[in-house]
Amino acid sequence: MQTEILKIDRENIDENILNHAAEIIKKGELVAFPTETVYGLGADGLNPKAAKKIFKAKNRPEDNPLILHIDEDYKLDELVEKVDDRTKFLIKNLWPGPLTVILKKSSIIPDIITGGGDTVAVRRPKDKLAREFIKYCNTPIAAPSANISGRPSPTNAKDVYYDMNGRIPLIIDGGSSDIGIESTVIDMSLENPCILRPGYYTYEYIKKFIPNVCLDDSLVDDSKVPRSPGQKYKHYAPKAEMKVFVGDKSVEKIKDLALKYKNEGKKVGILVFDKDTEKFSSFTTLSLGNKDNLIEMSHVLFEALRDLDRKNVDIILAEGVKDIGLGKSIMNRMKKSASGNIFNL
């Protein structure tokens, strides 16, 4: 299969490209498209044969549910049994945006979308191009991140192509994703709504709208099994071994280890914040941005991991952040990227 990349101007959206992409979706095929979080791998969310192709393209386990994407709030109604008042209040304030809500599914949702479960995850993206694409398709779009399962999520068309070339017919190139990490996922089907995956919308922020919201046990205790099936799998991992260091002595520790690994003949990749990059000029070093701007860090993290993979480093030493606010969402990704190798100093 030849994978086509079509670049689209966000300021002057080409309807011909969207019509072409929508026709591919209607034929039961896959299209990668940009959202404000990461690039999604889209299929008709009401067509089980089309959805099955997502799992094949990604090498994704079929018990890992898919998120349905819609272009208008009211379209949630036909996908779920009921939209309760709590959920209505939440999406009124936070949609369109990087928030996925889980509710009891309606009868039209194929089992392959939900991993055989009785709930469905739905999001209305903030990205205007994403919503226009969904509108042209005229169906909910099932879309996990557009990468091989286990790899860092792609935030640009180049990284999608690296993983999906020959696996899908089309990639819509809309430039870089603004946020860079996936949406916050909250299970609203429970008596006490629960955040299953942290994202741009933090626990502290969502608590303003849902005072009794909780965090999944696995997000506060590593020994607990995640409630969300997909969270039990390996995610966001670069090819190289990765270690993450948090605390005032993290840069000093990274420098010591970098020298040690270099002397052992290993090619070392470094991820630190702007103010410390000069300390690692003799290594393959990328910046995580300004330490006081975690939005910038979330924006560059996955792209940086993929860049270090392309540079063929043997080990990645990275600086982490405190596990609060947006930092919790970022550290959730870094912990999985590093297979749990987090060191608090």
# chains A, B, ... in the order shown; residues from 1 in each chain; ligands from 1
call {"tool": "closest_atom_pairs", "arguments": {"of": "segment 51-163 of chain A", "to": "segment 197-217 of chain A", "cutoff": "8 Å", "atoms": "only C-alpha atoms", "output": "JSON lines"}}
result
{"residue": "A:Arg86", "atom": "CA", "partner": "A:Ile210", "partner_atom": "CA", "distance": 7.3}
{"residue": "A:Phe89", "atom": "CA", "partner": "A:Phe209", "partner_atom": "CA", "distance": 7.5}
{"residue": "A:Leu90", "atom": "CA", "partner": "A:Phe209", "partner_atom": "CA", "distance": 6.2}
{"residue": "A:Pro98", "atom": "CA", "partner": "A:Tyr200", "partner_atom": "CA", "distance": 6.6}
{"residue": "A:Leu99", "atom": "CA", "partner": "A:Tyr201", "partner_atom": "CA", "distance": 7.0}
call {"tool": "select_by_dssp", "arguments": {"residues": "segment 19-227 of chain A", "states": "strand (DSSP E)", "output": "VMD selection string"}}
result
chain A and resid 31 to 33 40 to 44 67 to 69 99 to 104 119 to 123 141 to 142 170 to 173 184 to 187 194 to 197 214 to 215
call {"tool": "atom_distance", "arguments": {"atom1": "atom CA of Asp9 of chain A", "atom2": "atom CA of Gly289 of chain A"}}
result
26.6 Å
call {"tool": "atom_distance", "arguments": {"atom1": "atom CA of Leu79 of chain A", "atom2": "atom CA of Ser189 of chain A"}}
result
13.6 Å
call {"tool": "residues_around", "arguments": {"residues": "Gly174 of chain A", "least_positions_apart": "2", "cutoff": "12 Å", "atoms": "only C-alpha atoms", "output": "PyMOL selection string"}}
result
chain A and resi 5-14+17-18+32-36+38-40+127-130+133+155-158+160+171-172+176-178
call {"tool": "residues_around", "arguments": {"residues": "Ile179 of chain A", "least_positions_apart": "6", "cutoff": "7 Å", "atoms": "only C-alpha atoms", "output": "VMD selection string"}}
result
chain A and resid 36 to 37 295 298 to 299
call {"tool": "select_by_dssp", "arguments": {"residues": "segment 54-172 of chain A", "states": "alpha helix (DSSP H)", "output": "number ranges by chain"}}
result
A: 54-58, 85-94, 111-114, 128-137, 157-164
call {"tool": "write_last_selection", "arguments": {"atoms": "C-alpha atoms", "output": "mmCIF file, in the first residue's frame"}}
result
data_model
loop_
_atom_site.group_PDB
_atom_site.id
_atom_site.type_symbol
_atom_site.label_atom_id
_atom_site.label_comp_id
_atom_site.auth_asym_id
_atom_site.auth_seq_id
_atom_site.Cartn_x
_atom_site.Cartn_y
_atom_site.Cartn_z
ATOM 1 C CA ILE A 54 -6.872 0.086 13.366
ATOM 2 C CA PHE A 55 -5.793 -2.795 15.593
ATOM 3 C CA LYS A 56 -3.980 -4.466 12.698
ATOM 4 C CA ALA A 57 -2.177 -1.280 11.573
ATOM 5 C CA LYS A 58 -1.028 -0.476 15.108
ATOM 6 C CA ASP A 85 -26.341 16.322 34.452
ATOM 7 C CA ARG A 86 -22.767 16.020 35.790
ATOM 8 C CA THR A 87 -21.474 15.103 32.341
ATOM 9 C CA LYS A 88 -23.516 17.834 30.668
ATOM 10 C CA PHE A 89 -21.965 20.395 33.020
ATOM 11 C CA LEU A 90 -18.465 19.038 32.446
ATOM 12 C CA ILE A 91 -18.597 19.045 28.649
ATOM 13 C CA LYS A 92 -20.360 22.406 28.582
ATOM 14 C CA ASN A 93 -17.242 23.836 30.215
ATOM 15 C CA LEU A 94 -14.460 21.656 28.768
ATOM 16 C CA ASP A 111 -18.129 -4.348 20.653
ATOM 17 C CA ILE A 112 -14.717 -3.952 19.020
ATOM 18 C CA ILE A 113 -14.780 -0.224 19.921
ATOM 19 C CA THR A 114 -15.253 -0.939 23.635
ATOM 20 C CA LYS A 128 -10.849 22.884 14.188
ATOM 21 C CA LEU A 129 -9.273 20.824 11.412
ATOM 22 C CA ALA A 130 -10.030 17.607 13.303
ATOM 23 C CA ARG A 131 -13.672 18.627 13.759
ATOM 24 C CA GLU A 132 -13.996 19.573 10.089
ATOM 25 C CA PHE A 133 -12.590 16.197 9.070
ATOM 26 C CA ILE A 134 -15.100 14.403 11.338
ATOM 27 C CA LYS A 135 -17.920 16.560 9.958
ATOM 28 C CA TYR A 136 -17.079 15.576 6.379
ATOM 29 C CA CYS A 137 -16.960 11.906 7.366
ATOM 30 C CA ALA A 157 2.928 13.915 10.137
ATOM 31 C CA LYS A 158 6.579 12.920 9.742
ATOM 32 C CA ASP A 159 6.434 10.706 12.829
ATOM 33 C CA VAL A 160 3.117 9.198 11.709
ATOM 34 C CA TYR A 161 4.687 8.327 8.348
ATOM 35 C CA TYR A 162 7.652 6.683 10.081
ATOM 36 C CA ASP A 163 5.306 4.194 11.770
ATOM 37 C CA MET A 164 2.417 3.967 9.293
#
call {"tool": "residues_around", "arguments": {"residues": "Phe302 of chain A", "least_positions_apart": "3", "cutoff": "12 Å", "atoms": "only C-alpha atoms", "output": "ChimeraX atom specification"}}
result
/A:37-39,145,147,151-156,159-160,176-177,179-182,235-238,271,286-288,296-299,305-309,330,333-334,336-337
call {"tool": "atom_distance", "arguments": {"atom1": "atom CA of Lys260 of chain A", "atom2": "atom CA of Leu301 of chain A"}}
result
24.6 Å
call {"tool": "residues_around", "arguments": {"residues": "Lys253 of chain A", "least_positions_apart": "6", "cutoff": "12 Å", "atoms": "only C-alpha atoms", "output": "number ranges by chain"}}
result
A: 243-247, 259-260, 270, 272, 317-319, 343-345
call {"tool": "write_last_selection", "arguments": {"atoms": "N, CA, C and O atoms", "output": "compact mmCIF listing (two decimals), in the first residue's frame"}}
result
# COMPACT_ATOMS: atom_id res chain seq x y z
N LYS A 243 16.07 6.43 31.51
CA LYS A 243 16.02 6.67 32.96
C LYS A 243 15.65 8.14 33.18
O LYS A 243 16.14 9.02 32.48
N VAL A 244 14.77 8.37 34.17
CA VAL A 244 14.28 9.72 34.45
C VAL A 244 14.64 10.09 35.88
O VAL A 244 14.44 9.30 36.82
N PHE A 245 15.13 11.33 36.05
CA PHE A 245 15.58 11.79 37.36
C PHE A 245 14.83 13.06 37.76
O PHE A 245 14.68 13.98 36.96
N VAL A 246 14.34 13.08 38.99
CA VAL A 246 13.53 14.19 39.48
C VAL A 246 14.15 14.73 40.76
O VAL A 246 14.52 13.97 41.66
N GLY A 247 14.25 16.05 40.85
CA GLY A 247 14.76 16.66 42.07
C GLY A 247 15.91 17.61 41.81
O GLY A 247 16.42 17.72 40.69
N LEU A 259 28.64 10.54 31.64
CA LEU A 259 30.08 10.32 31.49
C LEU A 259 30.41 8.84 31.66
O LEU A 259 31.24 8.29 30.92
N LYS A 260 29.78 8.20 32.61
CA LYS A 260 30.01 6.78 32.86
C LYS A 260 29.63 5.95 31.62
O LYS A 260 30.42 5.10 31.17
N ILE A 270 20.43 12.89 25.90
CA ILE A 270 20.11 13.70 27.07
C ILE A 270 18.86 14.53 26.82
O ILE A 270 18.73 15.17 25.78
N VAL A 272 17.08 17.50 28.89
CA VAL A 272 17.07 18.41 30.04
C VAL A 272 16.43 19.73 29.61
O VAL A 272 16.17 19.96 28.43
N LEU A 317 18.90 9.65 29.17
CA LEU A 317 18.86 10.16 30.53
C LEU A 317 18.05 11.45 30.51
O LEU A 317 18.40 12.39 29.80
N ALA A 318 16.96 11.49 31.27
CA ALA A 318 16.03 12.61 31.16
C ALA A 318 15.75 13.23 32.51
O ALA A 318 15.74 12.55 33.55
N GLU A 319 15.48 14.53 32.48
CA GLU A 319 15.08 15.27 33.67
C GLU A 319 13.56 15.28 33.76
O GLU A 319 12.87 15.61 32.79
N PHE A 343 13.79 8.03 39.22
CA PHE A 343 14.63 8.17 40.41
C PHE A 343 14.43 9.55 41.01
O PHE A 343 14.69 10.57 40.37
N ASN A 344 13.93 9.59 42.26
CA ASN A 344 13.71 10.85 42.96
C ASN A 344 14.94 11.16 43.81
O ASN A 344 15.33 10.37 44.68
N LEU A 345 15.56 12.30 43.55
CA LEU A 345 16.83 12.66 44.20
C LEU A 345 16.66 13.85 45.13
O LEU A 345 15.78 14.68 44.94
call {"tool": "closest_residue", "arguments": {"among": "A:Asp323, A:Asp118, A:Glu191, A:Asp314", "to": "Phe283 of chain A", "atoms": "only C-alpha atoms"}}
result
A:Asp314
